Structures are given as structure tokens and as C-alpha cells.
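First up is the structure itself, then whatever we jot down about it.
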There are 2 protein chains.
Amino acid sequence: MKLKSFEHFNCSLAQTLSVIGEHWTMLIIRDAFFGLRRFDQFQSSLGIARNVLSVRLKKLVQTGVLAKSEGPGHPEYRLTEKGLALQPVMIAMTHWGDTYLPHPDGKRLTFVDRKDGKPIKPVGIYAADGRRLKPKEIKAKAGPGLQDIALFERSVPAEGIERSE
Amino acid sequence: MKLKSFEHFNCSLAQTLSVIGEHWTMLIIRDAFFGLRRFDQFQSSLGIARNVLSVRLKKLVQTGVLAKSEGPGHPEYRLTEKGLALQPVMIAMTHWGDTYLPHPDGKRLTFVDRKDGKPIKPVGIYAADGRRLKPKEIKAKAGPGLQDIALFERSVPAEGIERSE
DNA sequence: ATAGATAGTTGCATTATGAAACTATATTAG
DNA sequence: CTAATATAGTTTCATAATGCAACTATCTAT
């Protein structure tokens, strides 16, 4: 009765969750984005149990999200390109929290373009021509990799994402 | 020794995770996006244990992500506006999985603009003028709600997101 | 070489999950 | 209206994951 893994789902979201979906993992990645690199930095920043941190870091290295420095000196963990690519996920989640679970005093963090200091465009879904799309203005289409289309087919005309015929 | 909650962190990402970060929760939300509404639909779609599903649904209703139908008839769970606003999170995660944990046969799903059927703009971070920004082209600035700036201050000059001076 | 700091590992108590059986409510068939 | 079935949970129990503290090992500085 192991904790059920999501890897068997043919679903990119489930695949992603199997890598970053465990307790603490996203917060470790956030810390890495903010420059933390060493075991004790993560540990004291998060208050995570050391054994759990150990397991999480190992898996993140194994899945290629973090790279562990080799050679002499204390180990350091840094985001790989694959890990850096999680930035939109992190910012989307942060933005949702800012909006729906806000701090009473106002925004905690703002993300700005380093070049000119202007805030980034709000996270969201945009059409090819740049229009901002609302949840129900989007459809999902099955691609070649969707073999087990059971769920997709079973879906009734959808709430938010209508399936394509 | 309860499972540690993230609510005490003054961090919008942690707040978000305290709502959607538990095992199974994001997949339930995905199913809701694809139109599933009833207990047994979620259960058989995911293969989740019924007691766990029960707990998850209760919490999602309590946090306002899902709304449970009242009155007679079998209960139905639907995304609220707050829940629909998780779409960018879901799509960002799906996109990352498509890119870095792909199915051998190709993309599983494509999201398209319902109006013209064209694929949406790739999920990412965009500058105010529309330029696509890479991870390291972004800085984080502390806002008024960031009272405990310990972590933020401790952060060394950052990997991916440089903190503002 | 020694002392302290950093990076883990080990062992144990508790909580959360997985699975199956059980109960309760709602719907359908007769 | 009643009986049968479907749906929506709850309960119980075994196991795995987490939290915590103590321990060991490795690295760094003096």
C-alpha cells in the first residue's frame, strides 16, 4: 500500500505532479529560485525534517530538476534548465495565492522585468494574437500521445475546458 | 506530529500549496476542468481511495475551489470562479510535463482558442511589452505584505530570480 | 591535529493513505 | 408505494510517509 504514484496516468499534468507534487517539493524549488543552495539553508528556511529533505533533494537531482555539485567542498544544489523552466508554474501559483489568499497588508512579492523594473504581464492564458483568454474560451484537443482517451472521451462537455469533437 | 501545514509561511506560493498541494488535489481539479462533477466519476477516473476523495472534496469546497450542489439529487461538485482561476497553474504544469516528461508518441493535449481553434500562446512569463522573458530576466521585489522578510533577505543573489536591492 | 560546522542517516512515534467492507441516501423499476 | 439498484459517502484496518531527535560522517578553519 505504497503512496500511489501518478506516473501511470497518460497525462502531462500527472507526470509533472509525480516530479514536483510531493509535500515540500515546490517550496524547495522556490527556495532554489531565490538562491538557496545548501542543505542547511533549505532546512532552516523551511523547517523541514532533515530526512525528508534528504529524500526530496535526492529525487529532484534524480529527475534532473536540481543538479548537485560534485568534487570537494560542501554539496550545492542548483536548478538545472529543466528546473528553471518551472518558473511559470511557480509564478502562476504565487499569483493565484496573491489573488485568492492574500496577505492583509497587500502583495508579498512582485515580479518585475529586470531590464526596466516594470511588473511582468499577469500570468494567464493568451491567444496567439495576444488577447487574454478566460477559462471557458479554451478548448482541449487530443494529440498523438493521448492513447488512453478514456477520460477524455468520458468527459461531458466540460466546465472551463470544452473538449474538441 | 501532524503533517506540517504551510499556512504559517508568509508566502503566496505556500498559501496556494496549502489549498491545492495535497496528494490527488490537482488531479481532482483537472478532472473538474474536464467536466467531471460527481463523486464516483472522480473516483473511477483517478482510482483514488474513497475516503481520501471524500476528505479532498470537503476541503476543496471549504476553501472555495469547488462548490457542492445543494438540494435534492446527487451532489455535484463544480469549479467556482476561484477554482477556474487555477487554469494557468494547471496549464503551466501540463506544459512543463509535455516538454520535459513527454509521451513517446507526442503531445497528449493541445489547448486551443475556442474561437478560432488556434493553439494558445505558450505558457510563460511575458514583459509588459509582450517580450517573452527567460527565468533570469526576472527580479522579485518585496511588497507591503512581506513582513517576515527573513528568507527574502537571506537569499543570496539568486538563481533565476534576483532579489531587488 | 583538533574543534566546530555542515550534511546527512537511523530509529521511533504518529499521521495519512490504500483497500475493502459497511451504511445511508437517492433513483429507478415494478 | 415498495423493492431493487445506484450513488455517496463512512468506518476499520494495515502500511507507508512524515516529524522529531539523536547519531554518524565529512568538510573547514584554526
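Order determines the names: the first chain of the C-alpha cells is A, the second B, and so forth; residues in each chain are numbered 1 upward, and ligands are numbered 1 upward as they are shown.
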
Please list as JSON, numbers by chain every residue within 12 Å of A:Gly64, counting only C-alpha atoms (C1' of nucleotides) and excluding residues in the same chain fewer than 5 positions away. {"A": [19, 20, 57, 58, 59, 77, 78, 79, 80, 81, 82, 83, 84, 85, 86], "B": [100, 101]}

With a distance cut-off of 12 Å and only C-alpha atoms (C1' of nucleotides), select the neighbouring residues of A:Lys4, excluding the residue or stretch itself and same-chain residues fewer than 5 positions from it, and output the selection as a PyMOL selection string. (chain A and resi 9+14+17-18+21-22) or (chain B and resi 23-24+46-49+52) or (chain C and resi 17-18) or (chain D and resi 16-17)

Least-squares fit of chain A onto chain B (C-alpha, ordered pairing) as a PDB file with C-alpha atoms, in the first residue's frame:
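The file below, result14.pdb, is the result:
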ATOM      1  CA  MET A   1       3.263  15.167  14.614  1.00  0.00           C
ATOM      2  CA  LYS A   2       0.661  16.145  12.152  1.00  0.00           C
ATOM      3  CA  LEU A   3       1.644  16.701   8.551  1.00  0.00           C
ATOM      4  CA  LYS A   4       3.076  20.187   8.608  1.00  0.00           C
ATOM      5  CA  SER A   5       0.827  22.777   7.073  1.00  0.00           C
ATOM      6  CA  PHE A   6       2.243  25.587   4.989  1.00  0.00           C
ATOM      7  CA  GLU A   7      -0.217  28.224   6.056  1.00  0.00           C
ATOM      8  CA  HIS A   8       2.129  29.838   8.532  1.00  0.00           C
ATOM      9  CA  PHE A   9       4.597  30.782   5.821  1.00  0.00           C
ATOM     10  CA  ASN A  10       4.169  34.346   4.643  1.00  0.00           C
ATOM     11  CA  CYS A  11       4.420  33.278   1.052  1.00  0.00           C
ATOM     12  CA  SER A  12       1.715  33.200  -1.557  1.00  0.00           C
ATOM     13  CA  LEU A  13       3.114  30.045  -3.051  1.00  0.00           C
ATOM     14  CA  ALA A  14       2.923  28.299   0.311  1.00  0.00           C
ATOM     15  CA  GLN A  15      -0.636  29.574   0.768  1.00  0.00           C
ATOM     16  CA  THR A  16      -1.567  28.127  -2.590  1.00  0.00           C
ATOM     17  CA  LEU A  17       0.061  24.830  -1.758  1.00  0.00           C
ATOM     18  CA  SER A  18      -1.878  24.628   1.475  1.00  0.00           C
ATOM     19  CA  VAL A  19      -5.023  24.559  -0.670  1.00  0.00           C
ATOM     20  CA  ILE A  20      -4.023  22.574  -3.751  1.00  0.00           C
ATOM     21  CA  GLY A  21      -0.774  20.944  -2.686  1.00  0.00           C
ATOM     22  CA  GLU A  22      -2.014  17.704  -1.226  1.00  0.00           C
ATOM     23  CA  HIS A  23      -1.751  14.359  -2.941  1.00  0.00           C
ATOM     24  CA  TRP A  24      -4.538  13.976  -5.563  1.00  0.00           C
ATOM     25  CA  THR A  25      -5.904  17.494  -5.256  1.00  0.00           C
ATOM     26  CA  MET A  26      -4.599  18.898  -8.539  1.00  0.00           C
ATOM     27  CA  LEU A  27      -5.823  15.824 -10.405  1.00  0.00           C
ATOM     28  CA  ILE A  28      -9.288  16.248  -8.966  1.00  0.00           C
ATOM     29  CA  ILE A  29      -9.213  19.836 -10.173  1.00  0.00           C
ATOM     30  CA  ARG A  30      -8.057  18.730 -13.591  1.00  0.00           C
ATOM     31  CA  ASP A  31     -10.964  16.301 -13.783  1.00  0.00           C
ATOM     32  CA  ALA A  32     -13.295  19.091 -12.776  1.00  0.00           C
ATOM     33  CA  PHE A  33     -11.891  21.211 -15.614  1.00  0.00           C
ATOM     34  CA  PHE A  34     -12.708  18.383 -17.983  1.00  0.00           C
ATOM     35  CA  GLY A  35     -16.272  18.254 -16.818  1.00  0.00           C
ATOM     36  CA  LEU A  36     -16.419  15.611 -14.125  1.00  0.00           C
ATOM     37  CA  ARG A  37     -18.793  16.538 -11.383  1.00  0.00           C
ATOM     38  CA  ARG A  38     -19.771  13.556  -9.318  1.00  0.00           C
ATOM     39  CA  PHE A  39     -18.125  11.556  -6.596  1.00  0.00           C
ATOM     40  CA  ASP A  40     -17.997   8.281  -8.487  1.00  0.00           C
ATOM     41  CA  GLN A  41     -16.755   9.976 -11.645  1.00  0.00           C
ATOM     42  CA  PHE A  42     -13.736  11.342  -9.818  1.00  0.00           C
ATOM     43  CA  GLN A  43     -13.249   8.063  -8.016  1.00  0.00           C
ATOM     44  CA  SER A  44     -13.231   5.850 -11.071  1.00  0.00           C
ATOM     45  CA  SER A  45     -11.330   8.311 -13.213  1.00  0.00           C
ATOM     46  CA  LEU A  46      -8.481   8.548 -10.735  1.00  0.00           C
ATOM     47  CA  GLY A  47      -8.634   5.297  -8.816  1.00  0.00           C
ATOM     48  CA  ILE A  48      -8.388   7.309  -5.628  1.00  0.00           C
ATOM     49  CA  ALA A  49      -9.475   5.769  -2.346  1.00  0.00           C
ATOM     50  CA  ARG A  50     -13.015   6.811  -1.515  1.00  0.00           C
ATOM     51  CA  ASN A  51     -12.211   8.083   1.959  1.00  0.00           C
ATOM     52  CA  VAL A  52      -9.389  10.221   0.648  1.00  0.00           C
ATOM     53  CA  LEU A  53     -11.561  11.604  -2.128  1.00  0.00           C
ATOM     54  CA  SER A  54     -14.160  12.437   0.452  1.00  0.00           C
ATOM     55  CA  VAL A  55     -11.661  14.401   2.509  1.00  0.00           C
ATOM     56  CA  ARG A  56     -10.240  16.191  -0.548  1.00  0.00           C
ATOM     57  CA  LEU A  57     -13.621  17.245  -1.887  1.00  0.00           C
ATOM     58  CA  LYS A  58     -14.647  18.516   1.510  1.00  0.00           C
ATOM     59  CA  LYS A  59     -11.568  20.673   1.758  1.00  0.00           C
ATOM     60  CA  LEU A  60     -11.893  21.996  -1.777  1.00  0.00           C
ATOM     61  CA  VAL A  61     -15.464  23.023  -1.035  1.00  0.00           C
ATOM     62  CA  GLN A  62     -14.402  24.562   2.230  1.00  0.00           C
ATOM     63  CA  THR A  63     -11.664  26.576   0.580  1.00  0.00           C
ATOM     64  CA  GLY A  64     -14.005  27.702  -2.178  1.00  0.00           C
ATOM     65  CA  VAL A  65     -12.341  25.982  -5.111  1.00  0.00           C
ATOM     66  CA  LEU A  66     -15.327  23.725  -5.718  1.00  0.00           C
ATOM     67  CA  ALA A  67     -18.986  24.297  -4.978  1.00  0.00           C
ATOM     68  CA  LYS A  68     -21.205  21.419  -3.943  1.00  0.00           C
ATOM     69  CA  SER A  69     -24.754  21.458  -5.236  1.00  0.00           C
ATOM     70  CA  GLU A  70     -27.386  21.669  -2.529  1.00  0.00           C
ATOM     71  CA  GLY A  71     -30.940  20.457  -2.508  1.00  0.00           C
ATOM     72  CA  PRO A  72     -32.210  17.149  -3.780  1.00  0.00           C
ATOM     73  CA  GLY A  73     -30.486  14.871  -6.247  1.00  0.00           C
ATOM     74  CA  HIS A  74     -26.985  13.514  -6.172  1.00  0.00           C
ATOM     75  CA  PRO A  75     -24.378  16.025  -5.153  1.00  0.00           C
ATOM     76  CA  GLU A  76     -22.331  17.673  -7.869  1.00  0.00           C
ATOM     77  CA  TYR A  77     -19.035  19.442  -7.502  1.00  0.00           C
ATOM     78  CA  ARG A  78     -18.184  22.301  -9.833  1.00  0.00           C
ATOM     79  CA  LEU A  79     -15.347  24.731 -10.090  1.00  0.00           C
ATOM     80  CA  THR A  80     -16.067  28.142  -8.697  1.00  0.00           C
ATOM     81  CA  GLU A  81     -14.550  31.255 -10.165  1.00  0.00           C
ATOM     82  CA  LYS A  82     -11.714  30.791  -7.712  1.00  0.00           C
ATOM     83  CA  GLY A  83     -11.262  27.260  -8.974  1.00  0.00           C
ATOM     84  CA  LEU A  84     -11.409  28.256 -12.614  1.00  0.00           C
ATOM     85  CA  ALA A  85      -8.664  30.754 -11.878  1.00  0.00           C
ATOM     86  CA  LEU A  86      -6.349  27.804 -11.329  1.00  0.00           C
ATOM     87  CA  GLN A  87      -6.341  27.176 -15.056  1.00  0.00           C
ATOM     88  CA  PRO A  88      -2.984  28.878 -15.643  1.00  0.00           C
ATOM     89  CA  VAL A  89      -1.451  26.740 -12.920  1.00  0.00           C
ATOM     90  CA  MET A  90      -2.862  23.609 -14.469  1.00  0.00           C
ATOM     91  CA  ILE A  91      -1.788  24.537 -17.968  1.00  0.00           C
ATOM     92  CA  ALA A  92       1.674  25.604 -16.865  1.00  0.00           C
ATOM     93  CA  MET A  93       2.166  22.268 -15.159  1.00  0.00           C
ATOM     94  CA  THR A  94       0.803  20.379 -18.145  1.00  0.00           C
ATOM     95  CA  HIS A  95       3.074  22.285 -20.465  1.00  0.00           C
ATOM     96  CA  TRP A  96       6.124  21.502 -18.364  1.00  0.00           C
ATOM     97  CA  GLY A  97       5.245  17.828 -18.374  1.00  0.00           C
ATOM     98  CA  ASP A  98       4.746  17.884 -22.135  1.00  0.00           C
ATOM     99  CA  THR A  99       8.163  19.405 -22.567  1.00  0.00           C
ATOM    100  CA  TYR A 100      10.268  17.535 -20.046  1.00  0.00           C
ATOM    101  CA  LEU A 101       8.393  14.289 -19.432  1.00  0.00           C
ATOM    102  CA  PRO A 102       6.852  13.756 -22.827  1.00  0.00           C
ATOM    103  CA  HIS A 103       4.898  10.839 -24.115  1.00  0.00           C
ATOM    104  CA  PRO A 104       6.930   8.981 -26.756  1.00  0.00           C
ATOM    105  CA  ASP A 105       4.215   9.432 -29.357  1.00  0.00           C
ATOM    106  CA  GLY A 106       3.902  13.178 -28.977  1.00  0.00           C
ATOM    107  CA  LYS A 107       1.744  15.704 -27.230  1.00  0.00           C
ATOM    108  CA  ARG A 108      -1.163  14.391 -25.265  1.00  0.00           C
ATOM    109  CA  LEU A 109      -3.274  17.516 -25.292  1.00  0.00           C
ATOM    110  CA  THR A 110      -3.180  20.862 -27.003  1.00  0.00           C
ATOM    111  CA  PHE A 111      -5.051  23.835 -25.681  1.00  0.00           C
ATOM    112  CA  VAL A 112      -6.638  25.994 -28.329  1.00  0.00           C
ATOM    113  CA  ASP A 113      -8.589  29.217 -28.517  1.00  0.00           C
ATOM    114  CA  ARG A 114     -12.175  28.133 -28.839  1.00  0.00           C
ATOM    115  CA  LYS A 115     -12.929  30.977 -31.173  1.00  0.00           C
ATOM    116  CA  ASP A 116     -10.516  30.170 -33.955  1.00  0.00           C
ATOM    117  CA  GLY A 117      -9.051  26.824 -32.920  1.00  0.00           C
ATOM    118  CA  LYS A 118      -5.520  28.213 -32.854  1.00  0.00           C
ATOM    119  CA  PRO A 119      -3.174  26.988 -30.127  1.00  0.00           C
ATOM    120  CA  ILE A 120      -2.783  29.301 -27.187  1.00  0.00           C
ATOM    121  CA  LYS A 121       0.408  31.206 -26.679  1.00  0.00           C
ATOM    122  CA  PRO A 122       2.953  29.035 -24.899  1.00  0.00           C
ATOM    123  CA  VAL A 123       2.726  29.415 -21.159  1.00  0.00           C
ATOM    124  CA  GLY A 124       5.488  31.621 -19.905  1.00  0.00           C
ATOM    125  CA  ILE A 125       6.420  34.910 -18.419  1.00  0.00           C
ATOM    126  CA  TYR A 126       5.954  37.964 -20.558  1.00  0.00           C
ATOM    127  CA  ALA A 127       7.135  41.517 -20.091  1.00  0.00           C
ATOM    128  CA  ALA A 128       4.687  44.381 -20.125  1.00  0.00           C
ATOM    129  CA  ASP A 129       5.557  45.001 -23.770  1.00  0.00           C
ATOM    130  CA  GLY A 130       4.917  41.368 -24.681  1.00  0.00           C
ATOM    131  CA  ARG A 131       8.515  40.111 -24.885  1.00  0.00           C
ATOM    132  CA  ARG A 132       8.957  36.615 -23.597  1.00  0.00           C
ATOM    133  CA  LEU A 133      11.194  36.666 -20.517  1.00  0.00           C
ATOM    134  CA  LYS A 134      13.636  33.979 -19.550  1.00  0.00           C
ATOM    135  CA  PRO A 135      13.912  32.882 -15.923  1.00  0.00           C
ATOM    136  CA  LYS A 136      16.946  35.029 -15.205  1.00  0.00           C
ATOM    137  CA  GLU A 137      15.440  38.147 -16.731  1.00  0.00           C
ATOM    138  CA  ILE A 138      13.083  38.467 -13.811  1.00  0.00           C
ATOM    139  CA  LYS A 139      13.556  40.052 -10.418  1.00  0.00           C
ATOM    140  CA  ALA A 140      11.383  39.792  -7.333  1.00  0.00           C
ATOM    141  CA  LYS A 141      10.540  42.886  -5.350  1.00  0.00           C
ATOM    142  CA  ALA A 142       9.199  42.789  -1.813  1.00  0.00           C
ATOM    143  CA  GLY A 143       5.738  44.251  -1.399  1.00  0.00           C
ATOM    144  CA  PRO A 144       3.896  45.646   1.647  1.00  0.00           C
ATOM    145  CA  GLY A 145       2.599  42.235   2.692  1.00  0.00           C
ATOM    146  CA  LEU A 146       6.031  40.743   3.089  1.00  0.00           C
ATOM    147  CA  GLN A 147       6.620  41.260   6.764  1.00  0.00           C
ATOM    148  CA  ASP A 148       8.871  38.422   7.634  1.00  0.00           C
ATOM    149  CA  ILE A 149      11.522  39.136   5.099  1.00  0.00           C
ATOM    150  CA  ALA A 150      13.997  36.800   6.688  1.00  0.00           C
ATOM    151  CA  LEU A 151      14.112  34.402   3.800  1.00  0.00           C
ATOM    152  CA  PHE A 152      14.008  37.128   1.242  1.00  0.00           C
ATOM    153  CA  GLU A 153      16.870  38.963   2.873  1.00  0.00           C
ATOM    154  CA  ARG A 154      18.874  35.866   3.423  1.00  0.00           C
ATOM    155  CA  SER A 155      18.698  34.967  -0.214  1.00  0.00           C
ATOM    156  CA  VAL A 156      22.002  35.241  -1.923  1.00  0.00           C
ATOM    157  CA  PRO A 157      21.880  37.027  -5.276  1.00  0.00           C
ATOM    158  CA  ALA A 158      19.686  34.297  -6.688  1.00  0.00           C
ATOM    159  CA  GLU A 159      19.522  31.701  -9.265  1.00  0.00           C
ATOM    160  CA  GLY A 160      16.830  32.606 -11.708  1.00  0.00           C
ATOM    161  CA  ILE A 161      15.218  35.353  -9.718  1.00  0.00           C
ATOM    162  CA  GLU A 162      17.476  38.007  -8.418  1.00  0.00           C
ATOM    163  CA  ARG A 163      16.141  39.858  -5.467  1.00  0.00           C
ATOM    164  CA  SER A 164      15.723  43.549  -5.726  1.00  0.00           C
ATOM    165  CA  GLU A 165      18.023  45.720  -3.599  1.00  0.00           C
TER     166      GLU A 165
END

For chain D, report every residue with an atom at most 10 Å from chain A (counting only C-alpha atoms (C1' of nucleotides)), formatted as a PyMOL selection string. chain D and resi 14-20+26-28

Could you build a table of the residues in chain C lying no more than 9 Å from chain A, giving for each the nearest pair of atoms and their separation in Å rounded to one decimal place, using only C-alpha atoms (C1' of nucleotides), ordered by chain and ascending residue number, as a Markdown table?
| residue | atom | partner | partner_atom | distance |
| --- | --- | --- | --- | --- |
| C:DT6 | C1' | A:His74 | CA | 7.3 |
| C:DA7 | C1' | A:Phe39 | CA | 6.8 |
| C:DG8 | C1' | A:Ser54 | CA | 7.3 |
| C:DT9 | C1' | A:Asn51 | CA | 7.6 |
| C:DT17 | C1' | A:Leu3 | CA | 6.4 |
| C:DG18 | C1' | A:Met1 | CA | 5.5 |
| C:DA19 | C1' | A:Met1 | CA | 8.3 |

Same residues, N, CA and C atoms (P, O5', C5', C4', C3', O3' and C1' of nucleotides), saved as a PDB file, in the first residue's frame:
ATOM      1  P    DT C   6      27.727  26.159   9.081  1.00  0.00           P
ATOM      2  O5'  DT C   6      27.525  24.879   8.155  1.00  0.00           O
ATOM      3  C5'  DT C   6      28.501  24.597   7.156  1.00  0.00           C
ATOM      4  C4'  DT C   6      28.316  23.180   6.663  1.00  0.00           C
ATOM      5  C3'  DT C   6      26.895  22.834   6.193  1.00  0.00           C
ATOM      6  O3'  DT C   6      26.999  22.448   4.825  1.00  0.00           O
ATOM      7  C1'  DT C   6      27.797  21.117   7.547  1.00  0.00           C
ATOM      8  P    DA C   7      25.685  22.013   4.020  1.00  0.00           P
ATOM      9  O5'  DA C   7      25.698  20.434   4.217  1.00  0.00           O
ATOM     10  C5'  DA C   7      26.782  19.673   3.676  1.00  0.00           C
ATOM     11  C4'  DA C   7      26.501  18.191   3.830  1.00  0.00           C
ATOM     12  C3'  DA C   7      25.104  17.748   3.388  1.00  0.00           C
ATOM     13  O3'  DA C   7      25.234  16.509   2.690  1.00  0.00           O
ATOM     14  C1'  DA C   7      25.495  17.054   5.580  1.00  0.00           C
ATOM     15  P    DG C   8      24.095  16.076   1.648  1.00  0.00           P
ATOM     16  O5'  DG C   8      22.827  15.873   2.583  1.00  0.00           O
ATOM     17  C5'  DG C   8      22.285  14.577   2.717  1.00  0.00           C
ATOM     18  C4'  DG C   8      23.032  13.752   3.774  1.00  0.00           C
ATOM     19  C3'  DG C   8      22.281  12.525   4.241  1.00  0.00           C
ATOM     20  O3'  DG C   8      22.665  11.412   3.474  1.00  0.00           O
ATOM     21  C1'  DG C   8      23.416  13.642   6.034  1.00  0.00           C
ATOM     22  P    DT C   9      21.646  10.194   3.419  1.00  0.00           P
ATOM     23  O5'  DT C   9      21.780   9.519   4.865  1.00  0.00           O
ATOM     24  C5'  DT C   9      23.043   8.977   5.263  1.00  0.00           C
ATOM     25  C4'  DT C   9      22.855   8.211   6.576  1.00  0.00           C
ATOM     26  C3'  DT C   9      21.699   7.205   6.549  1.00  0.00           C
ATOM     27  O3'  DT C   9      22.170   6.004   7.153  1.00  0.00           O
ATOM     28  C1'  DT C   9      21.416   8.728   8.347  1.00  0.00           C
ATOM     29  P    DT C  17      -3.290  12.061   2.775  1.00  0.00           P
ATOM     30  O5'  DT C  17      -3.130  10.524   2.387  1.00  0.00           O
ATOM     31  C5'  DT C  17      -1.894  10.090   1.832  1.00  0.00           C
ATOM     32  C4'  DT C  17      -1.947   8.602   1.573  1.00  0.00           C
ATOM     33  C3'  DT C  17      -3.032   8.165   0.577  1.00  0.00           C
ATOM     34  O3'  DT C  17      -2.383   7.431  -0.448  1.00  0.00           O
ATOM     35  C1'  DT C  17      -3.057   6.821   2.535  1.00  0.00           C
ATOM     36  P    DG C  18      -3.231   6.866  -1.672  1.00  0.00           P
ATOM     37  O5'  DG C  18      -3.554   5.385  -1.191  1.00  0.00           O
ATOM     38  C5'  DG C  18      -2.486   4.458  -1.066  1.00  0.00           C
ATOM     39  C4'  DG C  18      -3.013   3.051  -0.991  1.00  0.00           C
ATOM     40  C3'  DG C  18      -4.120   2.708  -1.993  1.00  0.00           C
ATOM     41  O3'  DG C  18      -3.902   1.376  -2.443  1.00  0.00           O
ATOM     42  C1'  DG C  18      -4.939   2.449   0.216  1.00  0.00           C
ATOM     43  P    DA C  19      -4.839   0.719  -3.535  1.00  0.00           P
ATOM     44  O5'  DA C  19      -5.821  -0.192  -2.686  1.00  0.00           O
ATOM     45  C5'  DA C  19      -5.279  -1.120  -1.756  1.00  0.00           C
ATOM     46  C4'  DA C  19      -6.405  -1.770  -0.978  1.00  0.00           C
ATOM     47  C3'  DA C  19      -7.667  -2.068  -1.801  1.00  0.00           C
ATOM     48  O3'  DA C  19      -7.971  -3.447  -1.687  1.00  0.00           O
ATOM     49  C1'  DA C  19      -8.196  -1.007   0.248  1.00  0.00           C
TER      50       DA C  19
END

Among stretch 13-163 of chain A, which residues does DSSP mark as alpha helix (DSSP H) when it is run on the backbone? Keep the chain and numbering as in the structure and answer as a PyMOL selection string. chain A and resi 13-20+25-33+39-46+50-62+81-84+87-100+150-154

Could you pull out the residues in chain A that DSSP calls strand (DSSP E) from the backbone, as a PyMOL selection string? chain A and resi 66-68+77-79+109-113+125-126+132-133+138-142+161-163

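Picture a line from atom C1' of C:DT23 to atom C1' of D:DT5; it runs 15.2 Å.
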